[in-house]
>>> print(open('final01.txt').read())   # compact mmCIF, C-alpha atoms
# COMPACT_ATOMS: atom_id res chain seq x y z
CA MET A 1 56.24 98.68 253.14
CA LYS A 2 55.72 101.44 255.74
CA ILE A 3 59.14 102.58 256.92
CA ALA A 4 59.56 105.30 259.55
CA ILE A 5 62.71 107.38 260.01
CA LEU A 6 63.37 108.86 263.44
CA GLY A 7 64.92 112.28 263.98
CA TRP A 8 65.75 114.69 266.79
CA GLY A 9 68.60 116.88 265.57
CA SER A 10 69.74 118.62 262.39
CA LEU A 11 67.99 115.99 260.26
CA LEU A 12 64.81 117.98 260.91
CA TRP A 13 66.06 121.36 259.70
CA GLU A 14 68.87 120.53 257.27
CA GLY A 15 68.20 117.10 255.89
CA GLY A 16 69.41 118.13 252.46
CA PRO A 17 67.66 117.95 249.07
CA GLU A 18 68.71 114.37 248.28
CA PHE A 19 67.48 113.05 251.63
CA ASP A 20 64.37 115.23 251.77
CA LYS A 21 63.06 114.04 248.41
CA TRP A 22 62.71 110.51 249.81
CA ILE A 23 60.71 111.34 252.94
CA GLU A 24 57.13 112.37 253.58
CA LYS A 25 56.91 115.79 255.22
CA PRO A 26 56.08 117.39 257.57
CA TRP A 27 57.85 115.65 260.43
CA GLN A 28 55.55 114.38 263.15
CA TYR A 29 56.40 114.82 266.81
CA ASP A 30 54.87 111.82 268.55
CA GLY A 31 57.65 109.30 268.01
CA PRO A 32 59.00 106.82 270.56
CA LYS A 33 60.48 108.06 273.83
CA LEU A 34 64.27 107.96 273.69
CA LYS A 35 67.01 109.36 275.93
CA ILE A 36 68.88 112.02 273.97
CA GLU A 37 71.51 114.58 274.91
CA PHE A 38 74.01 117.02 273.41
CA SER A 39 76.97 114.76 274.05
CA ARG A 40 78.74 114.10 270.75
CA VAL A 41 81.62 116.32 269.68
CA SER A 42 81.20 117.02 265.98
CA LYS A 43 84.33 117.69 263.94
CA SER A 44 82.28 118.92 260.99
CA ARG A 45 80.71 121.56 263.29
CA HIS A 46 84.06 122.76 264.69
CA GLY A 47 83.65 120.92 267.98
CA ALA A 48 80.03 121.81 268.65
CA LEU A 49 77.99 119.20 270.48
CA THR A 50 75.25 117.33 268.66
CA LEU A 51 72.32 115.24 269.86
CA VAL A 52 72.65 111.48 270.15
CA ILE A 53 70.89 108.69 272.01
CA ASP A 54 72.62 108.65 275.38
CA ASP A 55 71.81 107.20 278.81
CA HIS A 56 72.84 110.58 280.28
CA GLY A 57 70.00 112.17 278.35
CA SER A 58 66.40 113.05 279.05
CA SER A 59 63.64 110.73 277.86
CA THR A 60 61.53 112.52 275.28
CA PRO A 61 59.27 111.64 272.32
CA VAL A 62 61.33 112.17 269.18
CA ALA A 63 60.20 113.15 265.69
CA TRP A 64 59.51 110.79 262.80
CA CYS A 65 58.45 110.71 259.18
CA LEU A 66 57.68 108.07 256.60
CA SER A 67 60.21 107.10 253.97
CA LYS A 68 59.04 106.98 250.36
CA ARG A 69 61.20 103.92 249.83
CA GLU A 70 59.68 100.47 249.43
CA LYS A 71 62.76 98.58 250.58
CA LEU A 72 64.32 98.91 254.03
CA GLU A 73 67.88 98.79 252.69
CA ASP A 74 67.16 101.84 250.51
CA ALA A 75 65.82 103.85 253.48
CA VAL A 76 68.91 102.85 255.47
CA ALA A 77 71.16 103.98 252.61
CA ASP A 78 69.34 107.34 252.42
CA LEU A 79 70.01 108.04 256.08
CA ARG A 80 73.57 106.72 255.95
CA CYS A 81 74.44 108.97 253.00
CA ARG A 82 72.85 111.99 254.62
CA GLU A 83 74.75 111.42 257.85
CA GLY A 84 77.99 110.72 255.99
CA THR A 85 78.65 107.67 258.12
CA THR A 86 78.91 103.88 257.94
CA ASN A 87 76.20 101.23 258.06
CA ALA A 88 77.31 100.39 261.61
CA ASN A 89 76.04 103.79 262.77
CA ILE A 90 72.59 103.36 261.24
CA LYS A 91 70.20 101.03 263.05
CA SER A 92 66.95 99.56 261.85
CA VAL A 93 64.32 97.05 262.89
CA ARG A 94 61.81 95.05 260.89
CA LEU A 95 58.67 94.42 262.89
CA ASP A 96 58.08 91.00 261.36
CA GLU A 97 61.45 89.87 262.76
CA GLN A 98 60.80 91.03 266.34
CA PRO A 99 59.20 89.10 269.24
CA ALA A 100 55.58 89.86 270.03
CA LEU A 101 56.56 91.36 273.39
CA PRO A 102 59.71 93.50 272.99
CA ASN A 103 62.08 93.68 275.93
CA PRO A 104 61.58 97.20 277.42
CA VAL A 105 65.14 97.10 278.81
CA GLU A 106 66.65 96.94 275.33
CA LYS A 107 67.30 100.29 273.66
CA LYS A 108 65.15 99.31 270.68
CA GLY A 109 62.30 98.08 272.90
CA PRO A 110 60.42 101.43 272.99
CA ILE A 111 60.94 101.81 269.23
CA ILE A 112 59.42 98.41 268.50
CA ALA A 113 56.45 98.97 270.81
CA TRP A 114 55.79 102.40 269.28
CA ALA A 115 56.07 101.08 265.72
CA ARG A 116 53.59 98.32 266.44
CA GLU A 117 51.03 100.83 267.71
CA ARG A 118 51.29 102.67 264.39
CA LYS A 119 51.25 99.51 262.29
CA LEU A 120 54.64 100.25 260.75
CA ASP A 121 56.76 97.62 259.03
CA ALA A 122 60.20 99.00 259.88
CA VAL A 123 62.02 101.86 261.60
CA VAL A 124 65.40 103.45 260.82
CA TRP A 125 67.46 105.79 263.01
CA THR A 126 70.97 107.20 263.47
CA ALA A 127 72.90 105.42 266.22
CA LEU A 128 76.00 107.59 266.60
CA LYS A 129 77.30 107.43 270.17
CA SER A 130 78.48 109.99 272.67
CA ASN A 131 82.20 110.64 272.34
CA PHE A 132 82.47 113.45 274.88
CA GLU A 133 84.80 111.72 277.32
CA GLU A 134 86.96 110.38 274.50
CA GLU A 135 87.32 113.76 272.78
CA VAL A 136 87.40 116.08 275.79
CA GLY A 137 89.23 113.83 278.24
CA LYS A 138 86.70 114.35 281.04
CA PRO A 139 83.66 112.37 282.19
CA PHE A 140 80.38 113.71 280.81
CA SER A 141 78.51 116.12 283.06
CA VAL A 142 76.53 119.29 282.48
CA LYS A 143 79.25 121.33 284.19
CA ALA A 144 81.94 119.73 282.01
CA VAL A 145 79.92 120.41 278.85
CA VAL A 146 79.44 124.10 279.66
CA ALA A 147 83.14 124.46 280.45
CA TYR A 148 84.06 122.69 277.21
CA VAL A 149 81.84 124.86 275.00
CA LYS A 150 83.45 127.95 276.52
CA THR A 151 86.81 126.76 275.17
CA LEU A 152 85.65 126.52 271.56
CA CYS A 153 86.88 128.94 268.94
CA PRO A 154 84.40 131.65 267.86
CA THR A 155 83.26 129.53 264.91
CA GLY A 156 82.77 126.52 267.16
CA LYS A 157 80.78 128.58 269.66
CA ALA A 158 78.60 129.91 266.85
CA LYS A 159 77.99 126.38 265.56
CA ALA A 160 77.20 125.18 269.08
CA ALA A 161 74.70 128.00 269.60
CA GLU A 162 73.09 127.42 266.21
CA TYR A 163 72.64 123.70 266.85
CA VAL A 164 71.25 124.07 270.37
CA TRP A 165 68.86 126.90 269.54
CA LYS A 166 67.62 125.21 266.35
CA ALA A 167 66.91 121.92 268.11
CA PRO A 168 63.15 121.19 268.21
CA GLU A 169 61.16 122.42 271.19
CA PHE A 170 60.57 118.85 272.34
CA VAL A 171 64.30 118.54 273.11
CA LYS A 172 64.41 119.45 276.79
CA THR A 173 67.71 118.25 278.20
CA ALA A 174 69.89 119.32 281.11
CA VAL A 175 72.64 120.49 278.75
CA ARG A 176 70.29 122.60 276.65
CA SER A 177 68.81 124.25 279.73
CA ALA A 178 72.25 125.02 281.16
CA LEU A 179 73.69 126.44 277.94
CA GLN A 180 70.68 128.61 277.12
CA GLN A 181 70.90 130.19 280.57
CA GLU A 182 74.50 131.23 280.00
CA PRO A 183 74.61 134.99 279.15
CA TRP A 184 77.37 134.44 276.58
CA PHE A 185 75.47 131.68 274.78
CA SER A 186 73.30 133.97 272.68
CA LYS A 187 70.68 132.95 270.17
CA PRO A 188 71.86 133.34 266.56
CA GLY A 189 70.46 136.52 265.06
CA SER A 190 69.78 138.07 268.47
CA GLY A 191 72.36 140.78 267.86
CA ARG A 192 74.50 139.60 270.77
CA ARG A 193 77.75 137.79 270.29
CA PRO A 194 79.47 135.39 272.67
CA LYS A 195 82.13 137.16 274.69
CA LYS A 196 85.69 136.33 273.80
CA ARG A 197 87.68 134.50 276.44
CA ARG A 198 90.65 136.34 277.84
CA ALA A 199 94.00 134.71 277.38
>>> encode(input="final01.txt", output="structure tokens")
Amino acid sequence: MKIAILGWGSLLWEGGPEFDKWIEKPWQYDGPKLKIEFSRVSKSRHGALTLVIDDHGSSTPVAWCLSKREKLEDAVADLRCREGTTNANIKSVRLDEQPALPNPVEKKGPIIAWARERKLDAVVWTALKSNFEEEVGKPFSVKAVVAYVKTLCPTGKAKAAEYVWKAPEFVKTAVRSALQQEPWFSKPGSGRRPKKRRA
């Protein structure tokens, strides 16, 4: 069974030894086009924003790799364990269970069409949702995101910078562009540090 795993964030640069041993590397960068954006507040990253599928995002081909697993449920479990989440936040499709003409309006439509072109049997991806408005208390917007990141503690700012700058080059979103233009949002290892906010 040919099972593809989709990725666009930290899965590509810090999958972890247990996850990495069950995937074929290197990652390939001609995956399905999905709308992704830095719109999920991550508690494990001290409030930094991480990439998720989001209608506010920019449509871009994401990365993918083949799983070494022969059963879909094992590939799903690999990704679930790596993400430290529940089965509800991991989505998958089996091509033999999908209609011949996928509905392009459905979020999984582009994934199914892409998988068929590559003669894959199944696809697995992380389906965590944006929680920006819920966590920050303001509607999502680029301006609101930049203002929010400025309020993070030094560790949170460092985590935010690390995540945004390490994101693959194919990730070209409005939030990334705005943050990387901010003079205080320096690239890790550049020798510059984000300025502290005055009380």
>>> residues_around(input="final01.txt", residues="His46 (chain A)", least_positions_apart="3", cutoff="10 Å", atoms="only C-alpha atoms", output="ChimeraX atom specification")
/A:41-43,49,152-160
>>> atom_distance(input="final01.txt", atom1="CA of Val145 (chain A)", atom2="CA of Pro61 (chain A)")
23.4 Å
>>> atom_distance(input="final01.txt", atom1="CA of Ser39 (chain A)", atom2="CA of Asp20 (chain A)")
25.6 Å
>>> atom_distance(input="final01.txt", atom1="CA of Phe19 (chain A)", atom2="CA of Leu72 (chain A)")
14.7 Å
>>> closest_atom_pairs(input="final01.txt", of="region 119-149 of chain A", to="region 79-97 of chain A", cutoff="10 Å", atoms="all atoms listed in the file", output="Markdown table")
| residue | atom | partner | partner_atom | distance |
| --- | --- | --- | --- | --- |
| A:Lys119 | CA | A:Leu95 | CA | 9.0 |
| A:Leu120 | CA | A:Leu95 | CA | 7.4 |
| A:Asp121 | CA | A:Leu95 | CA | 5.4 |
| A:Ala122 | CA | A:Arg94 | CA | 4.4 |
| A:Val123 | CA | A:Ser92 | CA | 5.4 |
| A:Val124 | CA | A:Ser92 | CA | 4.3 |
| A:Trp125 | CA | A:Lys91 | CA | 5.5 |
| A:Thr126 | CA | A:Ile90 | CA | 4.7 |
| A:Ala127 | CA | A:Asn89 | CA | 4.9 |
| A:Leu128 | CA | A:Asn89 | CA | 5.4 |
| A:Lys129 | CA | A:Asn89 | CA | 8.3 |
>>> residues_around(input="final01.txt", residues="His56 (chain A)", least_positions_apart="5", cutoff="10 Å", atoms="only C-alpha atoms", output="count of residues only")
11
>>> closest_residue(input="final01.txt", among="A:Leu179, A:Ile23, A:Ala63, A:Val136", to="Val164 (chain A)", atoms="all atoms listed in the file")
A:Leu179
>>> decode(input="final01.txt", residues="region 12-25 of chain A", atoms="N, CA and C atoms", output="JSON list (two decimals), in the first residue's frame")
[["chain", "number", "residue", "atom", "x", "y", "z"],
["A", 12, "LEU", "N", 8.73, 18.73, 8.97],
["A", 12, "LEU", "CA", 9.79, 18.62, 7.98],
["A", 12, "LEU", "C", 11.18, 18.75, 8.59],
["A", 13, "TRP", "N", 11.31, 19.52, 9.68],
["A", 13, "TRP", "CA", 12.66, 19.72, 10.23],
["A", 13, "TRP", "C", 12.85, 19.15, 11.63],
["A", 14, "GLU", "N", 11.77, 18.73, 12.28],
["A", 14, "GLU", "CA", 11.93, 18.08, 13.58],
["A", 14, "GLU", "C", 10.88, 17.00, 13.77],
["A", 15, "GLY", "N", 10.85, 16.09, 12.83],
["A", 15, "GLY", "CA", 9.88, 15.00, 12.92],
["A", 15, "GLY", "C", 10.11, 14.13, 14.15],
["A", 16, "GLY", "N", 11.38, 13.94, 14.48],
["A", 16, "GLY", "CA", 11.72, 13.09, 15.61],
["A", 16, "GLY", "C", 12.14, 11.71, 15.14],
["A", 17, "PRO", "N", 13.05, 11.05, 15.87],
["A", 17, "PRO", "CA", 13.59, 9.76, 15.43],
["A", 17, "PRO", "C", 12.55, 8.67, 15.25],
["A", 18, "GLU", "N", 11.55, 8.62, 16.13],
["A", 18, "GLU", "CA", 10.55, 7.56, 16.03],
["A", 18, "GLU", "C", 9.68, 7.74, 14.79],
["A", 19, "PHE", "N", 9.32, 8.98, 14.49],
["A", 19, "PHE", "CA", 8.52, 9.26, 13.30],
["A", 19, "PHE", "C", 9.37, 9.10, 12.03],
["A", 20, "ASP", "N", 10.56, 9.65, 12.07],
["A", 20, "ASP", "CA", 11.41, 9.66, 10.88],
["A", 20, "ASP", "C", 11.79, 8.26, 10.40],
["A", 21, "LYS", "N", 11.86, 7.30, 11.32],
["A", 21, "LYS", "CA", 12.28, 5.96, 10.89],
["A", 21, "LYS", "C", 11.20, 5.26, 10.07],
["A", 22, "TRP", "N", 9.98, 5.80, 10.08],
["A", 22, "TRP", "CA", 8.89, 5.17, 9.34],
["A", 22, "TRP", "C", 8.48, 5.94, 8.08],
["A", 23, "ILE", "N", 9.33, 6.89, 7.65],
["A", 23, "ILE", "CA", 9.02, 7.60, 6.41],
["A", 23, "ILE", "C", 10.21, 7.53, 5.45],
["A", 24, "GLU", "N", 9.90, 7.65, 4.17],
["A", 24, "GLU", "CA", 10.93, 7.68, 3.14],
["A", 24, "GLU", "C", 11.38, 9.12, 2.95],
["A", 25, "LYS", "N", 12.65, 9.39, 3.12],
["A", 25, "LYS", "CA", 13.19, 10.72, 2.90],
["A", 25, "LYS", "C", 14.00, 10.74, 1.61]]
